[in-house]
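K.L.:
You'll find model15.pdb just under this line, and it carries PDB, C-alpha atoms.
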```
ATOM      1  CA  MET A   1      97.424  90.606  80.680
ATOM      2  CA  SER A   2     100.982  91.884  80.677
ATOM      3  CA  GLU A   3     103.786  90.436  78.638
ATOM      4  CA  THR A   4     105.505  89.001  81.681
ATOM      5  CA  GLU A   5     105.555  85.280  81.301
ATOM      6  CA  PHE A   6     103.490  83.466  83.868
ATOM      7  CA  ARG A   7     102.428  79.953  84.386
ATOM      8  CA  GLN A   8     101.652  77.696  87.284
ATOM      9  CA  PRO A   9     104.703  75.757  88.446
ATOM     10  CA  THR A  10     105.143  72.805  86.158
ATOM     11  CA  LEU A  11     107.248  69.703  86.594
ATOM     12  CA  SER A  12     110.635  69.907  84.976
ATOM     13  CA  ARG A  13     113.056  67.047  84.847
ATOM     14  CA  ARG A  14     115.015  68.687  87.663
ATOM     15  CA  HIS A  15     111.936  68.893  89.837
ATOM     16  CA  ILE A  16     111.117  65.254  89.244
ATOM     17  CA  LEU A  17     114.645  64.260  90.227
ATOM     18  CA  LEU A  18     114.514  66.449  93.311
ATOM     19  CA  GLY A  19     111.117  65.041  94.192
ATOM     20  CA  THR A  20     112.340  61.487  93.886
ATOM     21  CA  ALA A  21     115.274  62.262  96.147
ATOM     22  CA  ALA A  22     112.953  63.930  98.625
ATOM     23  CA  VAL A  23     110.617  60.944  98.805
ATOM     24  CA  GLY A  24     113.618  58.703  99.505
ATOM     25  CA  LEU A  25     114.677  60.937 102.370
ATOM     26  CA  MET A  26     111.236  61.297 103.812
ATOM     27  CA  ALA A  27     111.197  57.708 104.969
ATOM     28  CA  LEU A  28     114.013  58.396 107.418
ATOM     29  CA  PRO A  29     113.419  61.411 109.618
ATOM     30  CA  ARG A  30     110.722  61.784 112.203
ATOM     31  CA  TRP A  31     110.001  65.303 113.254
ATOM     32  CA  ALA A  32     108.364  66.488 116.390
ATOM     33  CA  ALA A  33     104.923  67.788 115.572
ATOM     34  CA  ALA A  34     103.513  70.808 117.295
ATOM     35  CA  THR A  35     100.533  70.125 119.468
ATOM     36  CA  PRO A  36      97.148  71.799 119.218
ATOM     37  CA  ALA A  37      98.043  73.462 122.532
ATOM     38  CA  GLU A  38     101.007  75.202 120.883
ATOM     39  CA  ALA A  39      98.787  76.299 118.024
ATOM     40  CA  GLU A  40      96.273  77.502 120.581
ATOM     41  CA  ALA A  41      99.021  79.594 122.197
ATOM     42  CA  VAL A  42      99.853  81.174 118.838
ATOM     43  CA  VAL A  43      96.183  82.022 118.324
ATOM     44  CA  ALA A  44      95.870  83.432 121.845
ATOM     45  CA  LYS A  45      98.874  85.669 121.253
ATOM     46  CA  LEU A  46      97.367  86.949 118.008
ATOM     47  CA  ALA A  47      93.899  87.512 119.368
ATOM     48  CA  GLY A  48      94.993  89.150 122.619
ATOM     49  CA  SER A  49      91.933  89.956 124.688
ATOM     50  CA  ALA A  50      89.539  89.578 121.745
ATOM     51  CA  LYS A  51      87.549  86.387 121.363
ATOM     52  CA  PRO A  52      87.771  84.939 117.840
ATOM     53  CA  ALA A  53      84.369  84.928 116.148
ATOM     54  CA  ALA A  54      83.505  82.250 113.600
ATOM     55  CA  SER A  55      82.143  84.741 111.098
ATOM     56  CA  ARG A  56      83.131  86.899 108.095
ATOM     57  CA  ILE A  57      86.039  84.645 107.195
ATOM     58  CA  ALA A  58      86.064  81.706 104.809
ATOM     59  CA  LEU A  59      88.869  79.196 104.471
ATOM     60  CA  GLN A  60      88.869  77.010 101.396
ATOM     61  CA  LEU A  61      90.810  73.775 101.617
ATOM     62  CA  PRO A  62      90.533  70.311 100.154
ATOM     63  CA  GLN A  63      88.862  67.723 102.417
ATOM     64  CA  ILE A  64      91.551  65.253 101.435
ATOM     65  CA  ALA A  65      95.065  66.216 100.362
ATOM     66  CA  GLU A  66      96.839  63.409  98.547
ATOM     67  CA  ASN A  67     100.162  65.203  98.727
ATOM     68  CA  GLY A  68     100.967  67.060 101.914
ATOM     69  CA  ASN A  69     103.794  68.873 100.158
ATOM     70  CA  SER A  70     101.421  71.113  98.291
ATOM     71  CA  VAL A  71      97.980  71.853  99.650
ATOM     72  CA  GLN A  72      96.265  74.828  98.103
ATOM     73  CA  PHE A  73      94.264  77.134 100.320
ATOM     74  CA  SER A  74      92.250  80.301  99.805
ATOM     75  CA  VAL A  75      91.169  82.661 102.528
ATOM     76  CA  SER A  76      88.688  85.426 102.033
ATOM     77  CA  VAL A  77      87.363  87.867 104.571
ATOM     78  CA  ASP A  78      84.094  89.696 104.150
ATOM     79  CA  SER A  79      85.247  93.301 104.520
ATOM     80  CA  PRO A  80      84.611  96.525 102.583
ATOM     81  CA  MET A  81      88.374  97.280 102.838
ATOM     82  CA  THR A  82      87.786 101.004 103.379
ATOM     83  CA  GLU A  83      89.881 103.372 105.510
ATOM     84  CA  THR A  84      87.543 102.825 108.449
ATOM     85  CA  ASP A  85      86.888  99.108 108.111
ATOM     86  CA  TYR A  86      89.514  96.773 106.747
ATOM     87  CA  VAL A  87      91.415  93.579 107.429
ATOM     88  CA  LYS A  88      94.830  94.235 108.961
ATOM     89  CA  SER A  89      96.234  90.756 108.739
ATOM     90  CA  ILE A  90      95.406  87.134 107.999
ATOM     91  CA  HIS A  91      97.301  84.335 109.728
ATOM     92  CA  ILE A  92      97.370  80.698 108.633
ATOM     93  CA  ILE A  93      98.018  78.103 111.319
ATOM     94  CA  ALA A  94      98.448  74.356 110.938
ATOM     95  CA  ASP A  95      97.858  72.794 114.353
ATOM     96  CA  GLN A  96     100.176  69.814 114.032
ATOM     97  CA  ASN A  97     102.987  70.914 111.771
ATOM     98  CA  PRO A  98     106.473  71.152 113.328
ATOM     99  CA  TYR A  99     105.899  74.920 113.329
ATOM    100  CA  PRO A 100     102.230  75.849 113.480
ATOM    101  CA  GLU A 101     102.658  79.150 111.634
ATOM    102  CA  VAL A 102     102.329  78.815 107.870
ATOM    103  CA  ALA A 103     102.089  82.372 106.563
ATOM    104  CA  THR A 104     100.920  85.833 107.537
ATOM    105  CA  PHE A 105      99.434  88.334 105.102
ATOM    106  CA  TYR A 106      99.372  92.051 105.904
ATOM    107  CA  LEU A 107      96.589  93.939 104.192
ATOM    108  CA  SER A 108      95.323  97.491 103.967
ATOM    109  CA  PRO A 109      92.562  99.387 102.152
ATOM    110  CA  ALA A 110      94.952  99.404  99.149
ATOM    111  CA  ASN A 111      94.049  95.772  98.574
ATOM    112  CA  GLY A 112      90.377  96.403  97.871
ATOM    113  CA  LYS A 113      89.532  92.806  98.560
ATOM    114  CA  ALA A 114      90.753  90.590 101.391
ATOM    115  CA  GLU A 115      91.500  87.351  99.622
ATOM    116  CA  VAL A 116      94.695  85.347  99.126
ATOM    117  CA  THR A 117      95.535  81.979  97.614
ATOM    118  CA  MET A 118      98.676  80.002  98.310
ATOM    119  CA  ARG A 119     100.012  76.472  98.823
ATOM    120  CA  MET A 120     101.318  74.936 102.014
ATOM    121  CA  ARG A 121     102.875  71.801 103.450
ATOM    122  CA  LEU A 122     100.970  69.656 105.897
ATOM    123  CA  ALA A 123     102.947  67.045 107.841
ATOM    124  CA  LYS A 124      99.876  64.922 108.559
ATOM    125  CA  THR A 125      96.102  64.950 108.882
ATOM    126  CA  GLN A 126      95.244  67.958 110.976
ATOM    127  CA  ASN A 127      93.198  71.043 111.645
ATOM    128  CA  VAL A 128      94.091  74.225 109.739
ATOM    129  CA  ARG A 129      92.918  77.661 110.832
ATOM    130  CA  ALA A 130      92.786  81.113 109.350
ATOM    131  CA  ILE A 131      92.663  84.074 111.708
ATOM    132  CA  ALA A 132      91.811  87.585 110.555
ATOM    133  CA  LEU A 133      92.629  90.655 112.626
ATOM    134  CA  MET A 134      90.370  93.558 111.699
ATOM    135  CA  SER A 135      90.987  97.305 111.921
ATOM    136  CA  ASP A 136      88.316  97.612 114.630
ATOM    137  CA  GLY A 137      90.149  95.138 116.847
ATOM    138  CA  SER A 138      87.823  92.198 116.288
ATOM    139  CA  VAL A 139      89.213  88.770 115.492
ATOM    140  CA  HIS A 140      87.644  86.204 113.177
ATOM    141  CA  GLN A 141      88.575  82.585 112.774
ATOM    142  CA  ALA A 142      87.757  79.781 110.361
ATOM    143  CA  GLN A 143      89.047  76.226 110.568
ATOM    144  CA  GLN A 144      88.865  72.947 108.776
ATOM    145  CA  GLU A 145      90.400  69.511 109.060
ATOM    146  CA  VAL A 146      92.426  68.249 106.113
ATOM    147  CA  LYS A 147      93.081  64.541 105.694
ATOM    148  CA  VAL A 148      96.620  64.116 104.415
ATOM    149  CA  THR A 149      97.471  60.908 102.560
ATOM    150  CA  ILE A 150     101.230  61.510 102.189
ATOM    151  CA  GLY A 151     102.714  63.992 104.645
ATOM    152  CA  GLY A 152     104.767  66.925 103.421
ATOM    153  CA  CYS A 153     108.459  66.760 104.249
ATOM    154  CA  GLY A 154     109.198  68.959 107.163
ATOM    155  CA  GLY A 155     105.644  70.249 107.198
TER     156      GLY A 155
ATOM    157  CA  MET B   1     121.463  82.040  92.860
ATOM    158  CA  ALA B   2     121.203  83.431  89.410
ATOM    159  CA  ASP B   3     118.702  80.837  88.292
ATOM    160  CA  VAL B   4     115.857  81.865  90.564
ATOM    161  CA  LYS B   5     112.937  82.419  88.238
ATOM    162  CA  ALA B   6     110.065  84.585  89.343
ATOM    163  CA  ARG B   7     106.869  85.084  87.403
ATOM    164  CA  VAL B   8     104.129  87.599  87.902
ATOM    165  CA  LYS B   9     100.811  88.158  86.193
ATOM    166  CA  VAL B  10      99.275  91.606  86.351
ATOM    167  CA  PRO B  11      96.635  93.077  84.015
ATOM    168  CA  ALA B  12      98.272  95.500  81.537
ATOM    169  CA  THR B  13      95.435  97.987  81.908
ATOM    170  CA  ALA B  14      92.753  98.751  84.469
ATOM    171  CA  THR B  15      90.218 101.451  85.184
ATOM    172  CA  LYS B  16      90.777 103.618  88.244
ATOM    173  CA  GLY B  17      89.374 101.978  91.350
ATOM    174  CA  GLU B  18      89.122  98.547  89.781
ATOM    175  CA  ILE B  19      90.174  95.649  91.992
ATOM    176  CA  ILE B  20      92.683  93.498  90.154
ATOM    177  CA  GLU B  21      94.174  90.127  90.930
ATOM    178  CA  ILE B  22      97.937  89.682  90.994
ATOM    179  CA  LYS B  23      99.452  86.229  90.681
ATOM    180  CA  THR B  24     103.033  85.469  91.570
ATOM    181  CA  ALA B  25     105.263  82.416  91.577
ATOM    182  CA  ILE B  26     108.938  81.866  92.181
ATOM    183  CA  ALA B  27     111.135  78.807  91.726
ATOM    184  CA  HIS B  28     112.608  78.028  95.137
ATOM    185  CA  ALA B  29     113.133  74.782  97.056
ATOM    186  CA  MET B  30     111.933  76.299 100.378
ATOM    187  CA  GLU B  31     114.210  73.915 102.274
ATOM    188  CA  SER B  32     112.454  73.582 105.620
ATOM    189  CA  GLY B  33     115.379  72.519 107.793
ATOM    190  CA  GLN B  34     113.367  69.459 108.844
ATOM    191  CA  ARG B  35     114.818  67.088 106.283
ATOM    192  CA  LYS B  36     117.959  65.007 106.630
ATOM    193  CA  ASP B  37     120.466  63.954 104.003
ATOM    194  CA  LYS B  38     121.679  60.401 103.413
ATOM    195  CA  GLU B  39     124.195  60.630 106.261
ATOM    196  CA  GLY B  40     121.458  61.685 108.635
ATOM    197  CA  LYS B  41     122.656  65.244 108.873
ATOM    198  CA  ALA B  42     119.989  67.905 108.922
ATOM    199  CA  ILE B  43     119.764  69.899 105.702
ATOM    200  CA  PRO B  44     119.945  73.544 106.802
ATOM    201  CA  ARG B  45     116.857  75.678 106.493
ATOM    202  CA  LYS B  46     116.755  78.003 103.494
ATOM    203  CA  ILE B  47     113.414  79.527 102.696
ATOM    204  CA  ILE B  48     111.973  82.758 101.414
ATOM    205  CA  ASN B  49     110.734  84.398 104.595
ATOM    206  CA  LYS B  50     109.164  87.588 103.274
ATOM    207  CA  PHE B  51     107.331  88.839 100.211
ATOM    208  CA  VAL B  52     106.610  92.500  99.512
ATOM    209  CA  CYS B  53     104.643  94.140  96.699
ATOM    210  CA  THR B  54     105.028  97.857  96.008
ATOM    211  CA  LEU B  55     103.591 100.213  93.392
ATOM    212  CA  ASN B  56     105.870 103.156  92.485
ATOM    213  CA  GLY B  57     107.743 102.562  95.723
ATOM    214  CA  LYS B  58     104.676 102.474  97.984
ATOM    215  CA  GLU B  59     104.014  99.228  99.826
ATOM    216  CA  LEU B  60     100.671  97.612  99.017
ATOM    217  CA  PHE B  61     100.989  94.104 100.380
ATOM    218  CA  ARG B  62     103.387  92.148 102.522
ATOM    219  CA  SER B  63     103.548  88.568 103.666
ATOM    220  CA  ASP B  64     105.690  86.608 106.126
ATOM    221  CA  TRP B  65     106.378  83.016 105.209
ATOM    222  CA  TYR B  66     107.376  80.134 107.426
ATOM    223  CA  THR B  67     108.744  76.680 106.686
ATOM    224  CA  ALA B  68     105.309  75.276 105.845
ATOM    225  CA  VAL B  69     105.074  77.243 102.617
ATOM    226  CA  SER B  70     105.348  74.796  99.708
ATOM    227  CA  ALA B  71     108.335  74.696  97.380
ATOM    228  CA  ASN B  72     108.064  77.025  94.386
ATOM    229  CA  PRO B  73     105.777  79.379  96.294
ATOM    230  CA  TYR B  74     102.674  80.551  94.475
ATOM    231  CA  LEU B  75     100.666  83.461  95.822
ATOM    232  CA  SER B  76      97.747  85.426  94.502
ATOM    233  CA  PHE B  77      96.185  88.503  96.077
ATOM    234  CA  PHE B  78      94.242  91.618  95.130
ATOM    235  CA  VAL B  79      94.983  95.311  94.880
ATOM    236  CA  ARG B  80      92.924  98.363  93.978
ATOM    237  CA  ALA B  81      94.213 100.002  90.813
ATOM    238  CA  THR B  82      94.833 103.642  91.715
ATOM    239  CA  GLU B  83      97.546 104.912  89.386
ATOM    240  CA  SER B  84      99.698 103.878  86.459
ATOM    241  CA  GLY B  85     103.170 102.711  87.215
ATOM    242  CA  THR B  86     105.311  99.734  88.003
ATOM    243  CA  TYR B  87     104.638  97.056  90.521
ATOM    244  CA  ASP B  88     107.754  95.653  92.117
ATOM    245  CA  PHE B  89     107.700  92.246  93.741
ATOM    246  CA  ALA B  90     110.466  91.258  96.137
ATOM    247  CA  TRP B  91     111.146  87.868  97.691
ATOM    248  CA  TYR B  92     113.578  87.813 100.644
ATOM    249  CA  ASP B  93     115.702  84.698 101.064
ATOM    250  CA  ASP B  94     117.090  83.449 104.404
ATOM    251  CA  ASP B  95     120.591  83.861 102.960
ATOM    252  CA  GLY B  96     120.088  87.574 102.441
ATOM    253  CA  SER B  97     119.384  87.459  98.699
ATOM    254  CA  VAL B  98     116.433  89.425  97.398
ATOM    255  CA  TYR B  99     114.774  88.337  94.181
ATOM    256  CA  HIS B 100     112.797  90.881  92.184
ATOM    257  CA  ALA B 101     110.181  90.894  89.462
ATOM    258  CA  SER B 102     108.201  93.804  88.103
ATOM    259  CA  ALA B 103     105.176  94.535  85.937
ATOM    260  CA  SER B 104     103.712  97.779  84.678
ATOM    261  CA  ILE B 105     100.099  98.824  84.555
ATOM    262  CA  ALA B 106      98.259 101.636  82.776
ATOM    263  CA  VAL B 107      95.340 102.938  84.819
ATOM    264  CA  SER B 108      92.761 105.122  83.103
TER     265      SER B 108
END
```
Represent the supplied structure as structure tokens.

P.N.:
Amino acid sequence: MSETEFRQPTLSRRHILLGTAAVGLMALPRWAAATPAEAEAVVAKLAGSAKPAASRIALQLPQIAENGNSVQFSVSVDSPMTETDYVKSIHIIADQNPYPEVATFYLSPANGKAEVTMRMRLAKTQNVRAIALMSDGSVHQAQQEVKVTIGGCGG
Amino acid sequence: MADVKARVKVPATATKGEIIEIKTAIAHAMESGQRKDKEGKAIPRKIINKFVCTLNGKELFRSDWYTAVSANPYLSFFVRATESGTYDFAWYDDDGSVYHASASIAVS
């Protein structure tokens, strides 16, 4: 491994203070959650005329997230990632967050392997989907419900 | 923001064609714009909205982020090692700032 220092984010005193302040604020605001219909519209726009297939894509999420502020997810798509057959993009959608879009990843054969890991906010218990757009035009979707004990601020 | 700390983890060496994992993290509040301060005023949105990884200037991976990305964003992904050089990682802030980190690799 290179010399560049790396570690997973750890809690510093500043973070703890910020976190405490955030929890205090969270009690106040109510945000308007997106509806599954809005999420459905986002998916429809992505997929276009293609019908999402429930294959070749795996979404890894916890069944229960104690803290909605940081929910780790991994998406992997079964693809050779060659010039003729690769994943163009992966989209993460949380059905009932204020904004359903979480993140989009643009891939190419240069990636060799279509897999990403990240952390997201979930405002409440909801369905999360991963959509993969392939180079041949096909669309693949995986989804899972995550039970959220404490919602993430601002989802 | 001079105190934005970014960290990346890239193997120092790889064989040509090997698929390597790259891990990145950056310290950033990712203020979603959904929260309110004590006076009830909305705290303005300020997030990193884009991440780009290049090797010797060529783009390998790009990602768009929305407000649901957690604070202190962590991201890992894969690339095929094709040539020696320097990976550059760039995080684009809503306020126009761009934060960079880099790591070199020797491919044999």

K.L.:
So that I can check the surroundings of Leu59 of chain A, please list as a ChimeraX atom specification every protein, DNA and RNA residue that reaches within 7 Å of it, counting all atoms listed in the file and ignoring chain neighbours fewer than 3 positions away.

P.N.:
/A:74-76,130,142-143

K.L.:
Quick one: contact table of chain B to chain A, 9 Å max, nearest atom pair and distance in Å to one decimal per residue, counting all atoms listed in the file, chain and number order, as JSON lines?

P.N.:
```
{"residue": "B:Ala6", "atom": "CA", "partner": "A:Phe6", "partner_atom": "CA", "distance": 8.6}
{"residue": "B:Arg7", "atom": "CA", "partner": "A:Phe6", "partner_atom": "CA", "distance": 5.2}
{"residue": "B:Val8", "atom": "CA", "partner": "A:Phe6", "partner_atom": "CA", "distance": 5.8}
{"residue": "B:Lys9", "atom": "CA", "partner": "A:Phe6", "partner_atom": "CA", "distance": 5.9}
{"residue": "B:Val10", "atom": "CA", "partner": "A:Ser2", "partner_atom": "CA", "distance": 5.9}
{"residue": "B:Pro11", "atom": "CA", "partner": "A:Met1", "partner_atom": "CA", "distance": 4.2}
{"residue": "B:Ala12", "atom": "CA", "partner": "A:Ser2", "partner_atom": "CA", "distance": 4.6}
{"residue": "B:Thr13", "atom": "CA", "partner": "A:Met1", "partner_atom": "CA", "distance": 7.7}
{"residue": "B:Gly17", "atom": "CA", "partner": "A:Gly112", "partner_atom": "CA", "distance": 8.6}
{"residue": "B:Glu18", "atom": "CA", "partner": "A:Gly112", "partner_atom": "CA", "distance": 8.5}
{"residue": "B:Ile19", "atom": "CA", "partner": "A:Gly112", "partner_atom": "CA", "distance": 5.9}
{"residue": "B:Ile20", "atom": "CA", "partner": "A:Gly112", "partner_atom": "CA", "distance": 8.6}
{"residue": "B:Lys23", "atom": "CA", "partner": "A:Phe6", "partner_atom": "CA", "distance": 8.4}
{"residue": "B:Thr24", "atom": "CA", "partner": "A:Phe6", "partner_atom": "CA", "distance": 8.0}
{"residue": "B:Ala25", "atom": "CA", "partner": "A:Gln8", "partner_atom": "CA", "distance": 7.3}
{"residue": "B:Ile26", "atom": "CA", "partner": "A:Pro9", "partner_atom": "CA", "distance": 8.3}
{"residue": "B:Ala27", "atom": "CA", "partner": "A:Pro9", "partner_atom": "CA", "distance": 7.8}
{"residue": "B:Glu31", "atom": "CA", "partner": "A:Gly154", "partner_atom": "CA", "distance": 8.6}
{"residue": "B:Ser32", "atom": "CA", "partner": "A:Gly154", "partner_atom": "CA", "distance": 5.9}
{"residue": "B:Gly33", "atom": "CA", "partner": "A:Gly154", "partner_atom": "CA", "distance": 7.2}
{"residue": "B:Gln34", "atom": "CA", "partner": "A:Gly154", "partner_atom": "CA", "distance": 4.5}
{"residue": "B:Arg35", "atom": "CA", "partner": "A:Gly154", "partner_atom": "CA", "distance": 6.0}
{"residue": "B:Lys36", "atom": "CA", "partner": "A:Pro29", "partner_atom": "CA", "distance": 6.5}
{"residue": "B:Asp37", "atom": "CA", "partner": "A:Leu25", "partner_atom": "CA", "distance": 6.7}
{"residue": "B:Lys38", "atom": "CA", "partner": "A:Leu25", "partner_atom": "CA", "distance": 7.1}
{"residue": "B:Gly40", "atom": "CA", "partner": "A:Pro29", "partner_atom": "CA", "distance": 8.1}
{"residue": "B:Leu60", "atom": "CA", "partner": "A:Ala110", "partner_atom": "CA", "distance": 6.0}
{"residue": "B:Phe61", "atom": "CA", "partner": "A:Leu107", "partner_atom": "CA", "distance": 5.8}
{"residue": "B:Arg62", "atom": "CA", "partner": "A:Tyr106", "partner_atom": "CA", "distance": 5.3}
{"residue": "B:Ser63", "atom": "CA", "partner": "A:Phe105", "partner_atom": "CA", "distance": 4.4}
{"residue": "B:Asp64", "atom": "CA", "partner": "A:Thr104", "partner_atom": "CA", "distance": 5.0}
{"residue": "B:Trp65", "atom": "CA", "partner": "A:Ala103", "partner_atom": "CA", "distance": 4.5}
{"residue": "B:Tyr66", "atom": "CA", "partner": "A:Val102", "partner_atom": "CA", "distance": 5.2}
{"residue": "B:Thr67", "atom": "CA", "partner": "A:Val102", "partner_atom": "CA", "distance": 6.9}
{"residue": "B:Ala68", "atom": "CA", "partner": "A:Arg121", "partner_atom": "CA", "distance": 4.9}
{"residue": "B:Val69", "atom": "CA", "partner": "A:Met120", "partner_atom": "CA", "distance": 4.4}
{"residue": "B:Ser70", "atom": "CA", "partner": "A:Met120", "partner_atom": "CA", "distance": 4.6}
{"residue": "B:Ala71", "atom": "CA", "partner": "A:Ser70", "partner_atom": "CA", "distance": 7.8}
{"residue": "B:Asn72", "atom": "CA", "partner": "A:Pro9", "partner_atom": "CA", "distance": 6.9}
{"residue": "B:Pro73", "atom": "CA", "partner": "A:Arg119", "partner_atom": "CA", "distance": 6.9}
{"residue": "B:Tyr74", "atom": "CA", "partner": "A:Met118", "partner_atom": "CA", "distance": 5.6}
{"residue": "B:Leu75", "atom": "CA", "partner": "A:Met118", "partner_atom": "CA", "distance": 4.7}
{"residue": "B:Ser76", "atom": "CA", "partner": "A:Thr117", "partner_atom": "CA", "distance": 5.1}
{"residue": "B:Phe77", "atom": "CA", "partner": "A:Val116", "partner_atom": "CA", "distance": 4.6}
{"residue": "B:Phe78", "atom": "CA", "partner": "A:Asn111", "partner_atom": "CA", "distance": 5.4}
{"residue": "B:Val79", "atom": "CA", "partner": "A:Asn111", "partner_atom": "CA", "distance": 3.8}
{"residue": "B:Arg80", "atom": "CA", "partner": "A:Gly112", "partner_atom": "CA", "distance": 5.0}
{"residue": "B:Ala81", "atom": "CA", "partner": "A:Ala110", "partner_atom": "CA", "distance": 8.4}
{"residue": "B:Thr82", "atom": "CA", "partner": "A:Ala110", "partner_atom": "CA", "distance": 8.6}
{"residue": "B:Ser102", "atom": "CA", "partner": "A:Thr4", "partner_atom": "CA", "distance": 8.5}
{"residue": "B:Ala103", "atom": "CA", "partner": "A:Thr4", "partner_atom": "CA", "distance": 7.0}
{"residue": "B:Ser104", "atom": "CA", "partner": "A:Ser2", "partner_atom": "CA", "distance": 7.6}
{"residue": "B:Ile105", "atom": "CA", "partner": "A:Ser2", "partner_atom": "CA", "distance": 8.0}
```

K.L.:
Tell me, as a list in words, which residues lie within 8 Å of Ile150 of chain A, counting all atoms listed in the file; anything in the same chain fewer than 6 positions away does not count.

P.N.:
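Close residues of Ile150 of chain A: Ala65, Glu66, Asn67, Gly68 and Lys124 of chain A.
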
K.L.:
One number please: atom CA of Gln141 of chain A to atom CA of Thr125 of chain A, in Å, one decimal.

P.N.:
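Going from atom CA of Gln141 of chain A over to atom CA of Thr125 of chain A covers 19.6 Å.
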
K.L.:
How far is it from atom CA of Asp94 of chain B to atom CA of Leu46 of chain A, in Å with one decimal?

P.N.:
24.2 Å

K.L.:
Any idea what the distance is between atom CA of Ile47 of chain B and atom CA of Lys5 of chain B?

P.N.:
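Between atom CA of Ile47 of chain B and atom CA of Lys5 of chain B the gap works out to 14.8 Å.
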
K.L.:
Excluding Val43 of chain A and any residue of its chain fewer than 3 positions from it, enumerate the residues within 9 Å of it, using only C-alpha atoms, and give them as a list in words.

P.N.:
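Skipping anything fewer than 3 positions along the chain leaves Glu38, Ala39, Glu40, Leu46, Ala47, Gly48, Pro52, His91, Ile93 and Ile131 of chain A.
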
K.L.:
For Gly85 of chain B, which of B:Asn49, B:Val98, B:Met30, B:Ala14 is the closest residue, counting only C-alpha atoms?

P.N.:
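Residue with the minimum atom-to-atom distance to Gly85 of chain B: B:Ala14.
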
K.L.:
Closest to Ser49 of chain A among A:Thr84, A:Ser138, A:Ser79, A:Gln63, using only C-alpha atoms?

P.N.:
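For Ser49 of chain A, the nearest of the given residues is A:Ser138.
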
K.L.:
Would you mind completing segment 86-98 of chain B so that it carries N, CA and C atoms, and writing it out as a PDB file, keeping the file's coordinate frame?

P.N.:
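As a result, selection.pdb now contains:
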```pdb
ATOM      1  N   THR B  86     104.650 101.036  88.009  1.00  0.00           N
ATOM      2  CA  THR B  86     105.311  99.734  88.003  1.00  0.00           C
ATOM      3  C   THR B  86     105.181  99.060  89.363  1.00  0.00           C
ATOM      4  N   TYR B  87     104.666  97.871  89.313  1.00  0.00           N
ATOM      5  CA  TYR B  87     104.638  97.056  90.521  1.00  0.00           C
ATOM      6  C   TYR B  87     105.986  96.378  90.653  1.00  0.00           C
ATOM      7  N   ASP B  88     106.538  96.413  91.864  1.00  0.00           N
ATOM      8  CA  ASP B  88     107.754  95.653  92.117  1.00  0.00           C
ATOM      9  C   ASP B  88     107.415  94.557  93.119  1.00  0.00           C
ATOM     10  N   PHE B  89     107.935  93.389  92.857  1.00  0.00           N
ATOM     11  CA  PHE B  89     107.700  92.246  93.741  1.00  0.00           C
ATOM     12  C   PHE B  89     109.055  91.793  94.258  1.00  0.00           C
ATOM     13  N   ALA B  90     109.182  91.634  95.559  1.00  0.00           N
ATOM     14  CA  ALA B  90     110.466  91.258  96.137  1.00  0.00           C
ATOM     15  C   ALA B  90     110.296  90.060  97.058  1.00  0.00           C
ATOM     16  N   TRP B  91     111.132  89.072  96.848  1.00  0.00           N
ATOM     17  CA  TRP B  91     111.146  87.868  97.691  1.00  0.00           C
ATOM     18  C   TRP B  91     112.460  87.874  98.471  1.00  0.00           C
ATOM     19  N   TYR B  92     112.381  87.749  99.790  1.00  0.00           N
ATOM     20  CA  TYR B  92     113.578  87.813 100.644  1.00  0.00           C
ATOM     21  C   TYR B  92     113.977  86.424 101.096  1.00  0.00           C
ATOM     22  N   ASP B  93     115.181  86.015 100.716  1.00  0.00           N
ATOM     23  CA  ASP B  93     115.702  84.698 101.064  1.00  0.00           C
ATOM     24  C   ASP B  93     116.377  84.737 102.435  1.00  0.00           C
ATOM     25  N   ASP B  94     116.372  83.586 103.138  1.00  0.00           N
ATOM     26  CA  ASP B  94     117.090  83.449 104.404  1.00  0.00           C
ATOM     27  C   ASP B  94     118.557  83.854 104.279  1.00  0.00           C
ATOM     28  N   ASP B  95     119.155  83.593 103.113  1.00  0.00           N
ATOM     29  CA  ASP B  95     120.591  83.861 102.960  1.00  0.00           C
ATOM     30  C   ASP B  95     120.888  85.326 102.639  1.00  0.00           C
ATOM     31  N   GLY B  96     119.871  86.155 102.661  1.00  0.00           N
ATOM     32  CA  GLY B  96     120.088  87.574 102.441  1.00  0.00           C
ATOM     33  C   GLY B  96     119.799  88.033 101.018  1.00  0.00           C
ATOM     34  N   SER B  97     119.692  87.071 100.081  1.00  0.00           N
ATOM     35  CA  SER B  97     119.384  87.459  98.699  1.00  0.00           C
ATOM     36  C   SER B  97     117.971  88.017  98.616  1.00  0.00           C
ATOM     37  N   VAL B  98     117.768  88.918  97.687  1.00  0.00           N
ATOM     38  CA  VAL B  98     116.433  89.425  97.398  1.00  0.00           C
ATOM     39  C   VAL B  98     116.197  89.236  95.905  1.00  0.00           C
TER      40      VAL B  98
END
```
